[in-house]
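*Asks:* Attaching a single structure in structure tokens format; questions to follow.
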Amino acid sequence: MSQAVAEKASEHVLHPLGEQLNPRTSKPQNRVGWLFGGTGLALFALMALVGLAMRLDQADMLGLSPIWFYRLMTLHAAGMLAGALLSMMGGLWFVVRAVVPALDFKRAVASWASIVVGAVLVVIAVLIGGFAAGWTFLFPLPFQAAEQWPTWSAVTFIVGMGLVGVGFVVYCIDVLKATTQTYGGLGGALGVRWLRGKDQTGPPPQVIAATAVSIQGIICSAVGMTIVMALLDHTIDSRVALDALWAKNLTYFFGHTIANLIIYLAAGMIYVLVPLYAGRQWKISKPLVIGWLFTIVFVMTAYSHHLYMDFVQPGAPQMISLIASSAAAIPVAVVTIYTGMMLIWGSRYRWTLTSVLLYLGFAGWAIGGAGAVIDSLIPINFRFHNTLWVPAHFHNYLMMGVGLWMMALISYMLERSAGRTASRRTTIWAPILMIGGGYGFVFGWYVSGALGIPRRWAVHPIGTENYSLVASIFAVVFLVGFFMVLAEFVSLGRTAWRRRGESTTRSEAPAIAGASTEADMALGRGSEPLIKTPFGIATAVGMAVAASFVFLPPISDASTVTVGFHHLAHAVQFFVGVMLAAAFASSPAVIRRIAPRWTNLGLFIVVLVPVAMLLFMIPAIYSDIEGDDFLHASYHFVVLILGFVTGLGASALGRVAGWTVLASSVGMALMFAAGVTGG
Amino acid sequence: MEVSFGGFQVVVLAAFLVVTAALVGVFVLVARQARRNVAFEDVTDTGYRLRRVWLAFLLLLLTSGVVLALFFLPYPGAAQGTATVRVSGGLFYWSMNPETVSAGSEVSFEVTSADVNHGFGVYDPEGVLIGNVQAMPGYTNRMDLTLEEPGTYMIACLEYCGFKHHEMLREFEVTP
């Protein structure tokens with residue numbers, strides 16, 4: 001089909017001025033959009049039915065045994081997390097790829113496959129193995145469950161969640177590598193260079209969002225992999241002991257951050273989709289850049305609100321979390337949602353199913369966020385912690401925010417492919433049903449939370465069943481609306497199928513401000529050493545030499561006094577290897593050979609080797625060789641080599657992604673030392 | 001176990017409903033205005049001015065919340081309460097020693113766990129949740145609560161711990 005026809009079709013779907021902003025699409029974008037968005041929405045649908053079954057059971061309508069209730073609870077949460085994460089990863093990739101062609105399709109598919117395999121393992125662990133420790137798998141419950149489920153199911157579940165983390169980190173590394181190389185480093189991709197007047201155009205907002213999210217994603221995945229590996233070490237060798245408070249910190253850092261990042265992934269997507277229906281471009285601005293810088297800090301420091309009721313948690317993280325949990329609302333409310341409202345105000349907003357869902361998602365984020373901020377105040381948390389207020393607020397912003405945006409992504413792609421909008425009936429009635437049902441559903445929980453009903457109870461206190469019954473009715477209303485949307489998707493899909501020969505993909509689109517040029521793309525694929533200057537290389541070598549003190553016999557012997565110190569020594573040995581590799585690989589002769597051909601291998605190495613290092617630190621391996629000086633020294637040398645290999649792998653990922661990964665991998669070793677003992 | 005609304009919880013819920021109503025009002029207003037055709041420059045002229053006011057308001061509101069929270073932290077001070085109750089949670093029971101205290105006592109609950117993480121939630125005789133603290137293996141969390149009202153208090157587990165989590169209840173007597 002000619003471009004003129006394609007544009008005419010799009011005009012019908014979008015705001016008359018939105019076509020100018022419509023991102024150019026390519027096959028990889030469409031494939032990733034369908035693959036991630038479709039899988040995510042399918043998981044959402046299945047897990048929504050599981051959730052309804054749980055709610056009906058709490059209303060005494062279903063008669064599930066508590067054993068099955070808690071299994072379904074575990075499945076529902078892990079499945080929803082994987083589904084929402086996948087969908088919004090795909091949505092962000094779709095819009096960022098239009099301006100960052102360096103994003104790699106195969107690596108995106110590898111990320112998807114890892115998450116899907118992880119989700120399958122979770123299903124096996126729960127439905128076959130009977131695992132039911134909750135999606136947070138809080139140590140030591142997975143292993144001290146009074147024979148409620150076999151150990152293999154716990155291991156399967158933990159490996160499954162680990163693979164979800166692996167998939168996410170692969171995605172984040174590739175996004176960070178691509179955005180920072182395309183937009184001139186971290187400062188360029190985050191808009192800081194533009195803020196300081198060193199860059200005329202600046203990156204588009206979706207690139208800023210993608211860069212910020214990917215940094216946080218790498219760090220939170222590293223924390224997640226550390227707790228996953230510590231749990232697996234404990235399974236392999238029961239002498240490995242974990243500190244319960246340490247485990248809780250890591251688990252919630254990982255869980256809180258990854259769940260939060262789903263919304264911020266979505267934010268990057270709506271920066272592109274909302275303008276299509278408002279006919280106004282979402283541009284880079286000072287508040288937006290500053291807001292995202294603060295968001296990186298606040299999202300990463302807010303997790304401790306999950307530990308408010310652990311009074312032994314040090315005061316500093318509690319106070320930081322108290323401030324960060326409230327402060328995180330400011331960029332959301334003042335920048336993203338407010339700007340979205342300004343773009344829509346007086347724009348002759350084109351109301352289609354997609355744009356209605358996009359708009360209503362803002363409300364879900366805002367109202368759910370308000371519920372979250374309230375619960376993040378410690379005196380309130382003292383009487384609301386782990387009551388039904390908690391699922392109320394996160395369902396509010398995940399189901400009524402992200403959930404609607406998950407549908408909006410597919411709706412946008414279908415309306416665009418079909419060249420027509422959804423039917424008027426669905427556009428009006430499906431949102432009405434979902435809003436009425438969804439808010440009735442979550443407000444049932446808010447009220448129940450105020451009533452003090454605990455969350456995660458299979459059987460609710462006597463006399464409160466009607467709250468669950470009413471909520472279940474509202475949930476059914478929501479689902480009727482949701483299935484109306486799915487039915488509309490089938491109809492749109494048929495139209496799109498009939499038009500499949502008439503490609504609506506635009507090969508050349510008007511450039512979005514800040515979009516990469518071909519020259520940028522070439523730069524983005526060029527070699528980029530971890531260290532640019534000879535002085536930098538000398539500094540890295542100097543740091544490695546200084547840290548080598550850990551190999552000196554007095555230090556080495558002293559480190560064997562406690563297991564914690566011994567693991568700390570391992571972390572330093574790993575660091576020595578990392579710094580030596582960074583220096584080695586940064587020499588022009590070496591970097592020419594490493595990047596960019598070895599990117600996939602580098603990615604494989606930086607994901608696998610730090611994990612192998614943590615698996616290596618179990619008494620079953622090191623206790624027998626400690627009496628033999630040569631073997632003991634060899635063991636430490638292997639740790640150094642693992643660090644060196646990780647450093648080589650990271651050098652194929654570009655400066656920003658490479659150093660972020662290296663810092664995270666050394667951090668993994670340090671975190672491990674802080675909480676794992678025994679043996 | 002029976003539960004009921006406490007005054008504190010009702011105030012929090014009411015505050016949330018007020019915020020929600022305000023947000024709904026804003027979203028309805030923007031949706032209605034979305035149909036109009038207004039030059040974007042006009043929108044931004046007013047919008048940027050209002051954004052400063054919005055930022056100031058939000059900063060004031062959130063800072064007030066945080067500062068107020070600092071005055072009412074539930075974390076115990078150095079001084080021990082007038083009564084101490086040692087609590088241990090296990091799959092799926094609570095052991096408490098002593099098993100009763102007298103009304104008006106400032107009770108220091110020293111809470112730990114024999115196995116996995118549990119949540120020590122205290123409901124007063126009316127069924128109002130008056131406080132909670134985590135029971136964690138290897139650690140003792142101390143929670144101070146003044147139990148003015150005599151009667152039967154209910155202890156419930158507030159951290160998911162397995163298939164009988166919802167059955168992990170016990171009564172605690174506060175004598176006149």
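So you can find residues: chains in the structure tokens are A, B, ... in the order shown, residues in each start at 1, and ligands are numbered from 1 in order.
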Determine, counting only C-alpha atoms, which protein, DNA and RNA residues have an atom within 8 Å of an atom of segment 20-28 of chain B; residues of the same chain fewer than 5 positions away are not included. Present the result as a list of chain:residue names.

*Replies:*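 Residues meeting the cut-off are A:Ala363, A:Ala366, A:Ile367, A:Ala370.
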
*Asks:* List as an mmCIF file with C-alpha atoms, in the first residue's frame the protein and nucleic acid residues near segment 90-99 of chain A, meaning an atom at most 7 Å away when only C-alpha atoms are counted, but skip any in the same chain fewer than 3 places from it.

*Replies:*
data_model
loop_
_atom_site.group_PDB
_atom_site.id
_atom_site.type_symbol
_atom_site.label_atom_id
_atom_site.label_comp_id
_atom_site.auth_asym_id
_atom_site.auth_seq_id
_atom_site.Cartn_x
_atom_site.Cartn_y
_atom_site.Cartn_z
ATOM 1 C CA PRO A 23 6.830 6.521 15.582
ATOM 2 C CA ARG A 24 8.279 4.897 12.527
ATOM 3 C CA THR A 25 8.027 1.164 12.884
ATOM 4 C CA GLN A 29 9.491 -3.269 16.674
ATOM 5 C CA VAL A 32 8.676 -7.245 19.963
ATOM 6 C CA GLY A 33 5.463 -5.315 20.536
ATOM 7 C CA PHE A 36 5.963 -9.012 24.709
ATOM 8 C CA GLY A 37 2.609 -7.246 24.725
ATOM 9 C CA LEU A 86 6.891 -8.321 29.864
ATOM 10 C CA SER A 87 4.172 -6.144 28.456
ATOM 11 C CA LEU A 103 18.479 -1.885 20.174
ATOM 12 C CA GLN A 206 11.164 7.914 26.179
ATOM 13 C CA VAL A 207 14.959 7.575 25.927
ATOM 14 C CA LEU A 265 8.653 1.380 31.884
ATOM 15 C CA ALA A 266 5.063 2.255 31.096
ATOM 16 C CA GLY A 268 8.310 5.801 28.735
ATOM 17 C CA MET A 269 5.674 4.247 26.502
ATOM 18 C CA VAL A 272 5.011 8.513 22.842
ATOM 19 C CA LEU A 409 -0.413 -1.039 23.815
ATOM 20 C CA ALA A 515 16.097 10.957 17.048
ATOM 21 C CA SER A 516 19.288 9.287 16.055
#

*Asks:* Name the residues in contact with Arg425 of chain A at a cut-off of 10 Å, using only C-alpha atoms, excluding same-chain residues fewer than 5 positions from it; report them as a PyMOL selection string.

*Replies:* chain A and resi 353+430+484+488

*Asks:* Could you pull out the alpha helix (DSSP H) residues of segment 5-160 of chain B, going by DSSP on the backbone, and write them as a PyMOL selection string?

*Replies:* chain B and resi 7-33+40-71

*Asks:* Go ahead and write the selection's residues with C-alpha atoms as an mmCIF file, in the first residue's frame.

*Replies:*
data_model
loop_
_atom_site.group_PDB
_atom_site.id
_atom_site.type_symbol
_atom_site.label_atom_id
_atom_site.label_comp_id
_atom_site.auth_asym_id
_atom_site.auth_seq_id
_atom_site.Cartn_x
_atom_site.Cartn_y
_atom_site.Cartn_z
ATOM 1 C CA GLY B 7 -11.123 5.841 64.864
ATOM 2 C CA PHE B 8 -7.592 6.217 63.517
ATOM 3 C CA GLN B 9 -8.284 3.939 60.580
ATOM 4 C CA VAL B 10 -11.517 5.745 59.753
ATOM 5 C CA VAL B 11 -9.691 9.091 59.670
ATOM 6 C CA VAL B 12 -7.044 7.653 57.339
ATOM 7 C CA LEU B 13 -9.693 6.149 55.071
ATOM 8 C CA ALA B 14 -11.630 9.425 55.030
ATOM 9 C CA ALA B 15 -8.477 11.366 54.146
ATOM 10 C CA PHE B 16 -7.791 8.971 51.308
ATOM 11 C CA LEU B 17 -11.354 9.289 50.027
ATOM 12 C CA VAL B 18 -11.029 13.086 50.029
ATOM 13 C CA VAL B 19 -7.794 12.851 48.018
ATOM 14 C CA THR B 20 -9.424 10.379 45.644
ATOM 15 C CA ALA B 21 -12.446 12.613 45.156
ATOM 16 C CA ALA B 22 -10.166 15.545 44.372
ATOM 17 C CA LEU B 23 -8.191 13.492 41.858
ATOM 18 C CA VAL B 24 -11.358 12.169 40.222
ATOM 19 C CA GLY B 25 -12.573 15.768 39.956
ATOM 20 C CA VAL B 26 -9.374 16.788 38.188
ATOM 21 C CA PHE B 27 -9.504 13.862 35.761
ATOM 22 C CA VAL B 28 -13.158 14.522 34.930
ATOM 23 C CA LEU B 29 -12.375 18.199 34.381
ATOM 24 C CA VAL B 30 -9.423 17.479 32.067
ATOM 25 C CA ALA B 31 -11.458 14.910 30.136
ATOM 26 C CA ARG B 32 -14.205 17.478 29.578
ATOM 27 C CA GLN B 33 -11.715 20.127 28.531
ATOM 28 C CA PHE B 40 -1.056 24.899 23.302
ATOM 29 C CA GLU B 41 0.763 28.129 24.149
ATOM 30 C CA ASP B 42 -2.281 29.232 26.118
ATOM 31 C CA VAL B 43 -2.385 25.904 27.917
ATOM 32 C CA THR B 44 1.289 26.053 28.835
ATOM 33 C CA ASP B 45 1.152 29.709 29.915
ATOM 34 C CA THR B 46 -1.358 28.867 32.594
ATOM 35 C CA GLY B 47 -0.151 25.306 33.064
ATOM 36 C CA TYR B 48 3.419 26.212 33.940
ATOM 37 C CA ARG B 49 2.258 28.843 36.442
ATOM 38 C CA LEU B 50 -0.134 26.415 38.053
ATOM 39 C CA ARG B 51 2.546 23.726 38.120
ATOM 40 C CA ARG B 52 4.627 25.845 40.508
ATOM 41 C CA VAL B 53 1.624 26.189 42.802
ATOM 42 C CA TRP B 54 0.939 22.463 42.514
ATOM 43 C CA LEU B 55 4.574 21.661 43.326
ATOM 44 C CA ALA B 56 4.534 23.984 46.339
ATOM 45 C CA PHE B 57 1.264 22.497 47.570
ATOM 46 C CA LEU B 58 2.500 18.951 47.127
ATOM 47 C CA LEU B 59 5.802 19.714 48.838
ATOM 48 C CA LEU B 60 3.943 21.260 51.750
ATOM 49 C CA LEU B 61 1.518 18.355 52.004
ATOM 50 C CA LEU B 62 4.130 15.614 51.759
ATOM 51 C CA THR B 63 6.612 17.362 54.027
ATOM 52 C CA SER B 64 3.872 17.863 56.616
ATOM 53 C CA GLY B 65 3.051 14.182 56.426
ATOM 54 C CA VAL B 66 6.669 13.136 56.882
ATOM 55 C CA VAL B 67 7.330 15.595 59.720
ATOM 56 C CA LEU B 68 4.123 14.597 61.473
ATOM 57 C CA ALA B 69 5.082 10.958 61.092
ATOM 58 C CA LEU B 70 8.382 11.620 62.842
ATOM 59 C CA PHE B 71 6.501 12.719 65.976
#

*Asks:* Taking into account only C-alpha atoms, which residue in the set B:Val174, B:Ala79, B:Ala34, B:Val133 is nearest to His385 of chain A?

*Replies:*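 Looking only at the distances to His385 of chain A, the closest residue turns out to be B:Val133.
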
*Asks:* Name the closest residue to chain B among the candidates A:Val100, A:Leu138, A:Leu293, A:Val561; distances are taken between atoms, counting only C-alpha atoms.

*Replies:*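 Residue with the minimum atom-to-atom distance to chain B: A:Leu138.
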
*Asks:* Expressed in Å to a single decimal, how great is the separation between atom CA of Val3 of chain B and atom CA of Arg456 of chain A?

*Replies:*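 Computed distance, atom CA of Val3 of chain B to atom CA of Arg456 of chain A, equals 15.9 Å.
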
*Asks:* Using only C-alpha atoms, which of B:Val122, B:Ile130, B:Val85, B:Ile155 sits nearest chain A?

*Replies:*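 Under the stated criterion, the closest residue is B:Ile130.
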
*Asks:* Which residues come within 7 Å of Glu173 of chain B, counting only C-alpha atoms, excluding same-chain residues fewer than 5 positions away, as a list in words?

*Replies:*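 Once the adjacent positions are removed, what remains is Glu99, Thr100, Val101, Gly151, Thr152 and Tyr153 of chain B.
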
*Asks:* Please provide as a count of residues only all residues within 7 Å of Arg170 of chain B, with the sequence filter that same-chain residues fewer than 5 positions apart are discarded (counting only C-alpha atoms).

*Replies:* 4

*Asks:* Pick from A:Trp282, A:Met579, A:Ile621, A:Pro391: nearest to Ala538 of chain A, with only C-alpha atoms counted?

*Replies:*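 Counting only C-alpha atoms, the residue closest to Ala538 of chain A is A:Met579.
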
*Asks:* Compile the contact shell of segment 211-214 of chain A as a count of residues only: residues with an atom at most 8 Å away, counting only C-alpha atoms, same-chain residues fewer than 2 positions apart removed.

*Replies:* 23

*Asks:* Restricting the calculation to only C-alpha atoms: of B:Asn117, B:Ser95, B:Thr146, B:Ser102, which residue gets closest to chain A?

*Replies:*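 Checking each of B:Asn117, B:Ser95, B:Thr146, B:Ser102 against chain A, counting only C-alpha atoms, the winner is B:Asn117.
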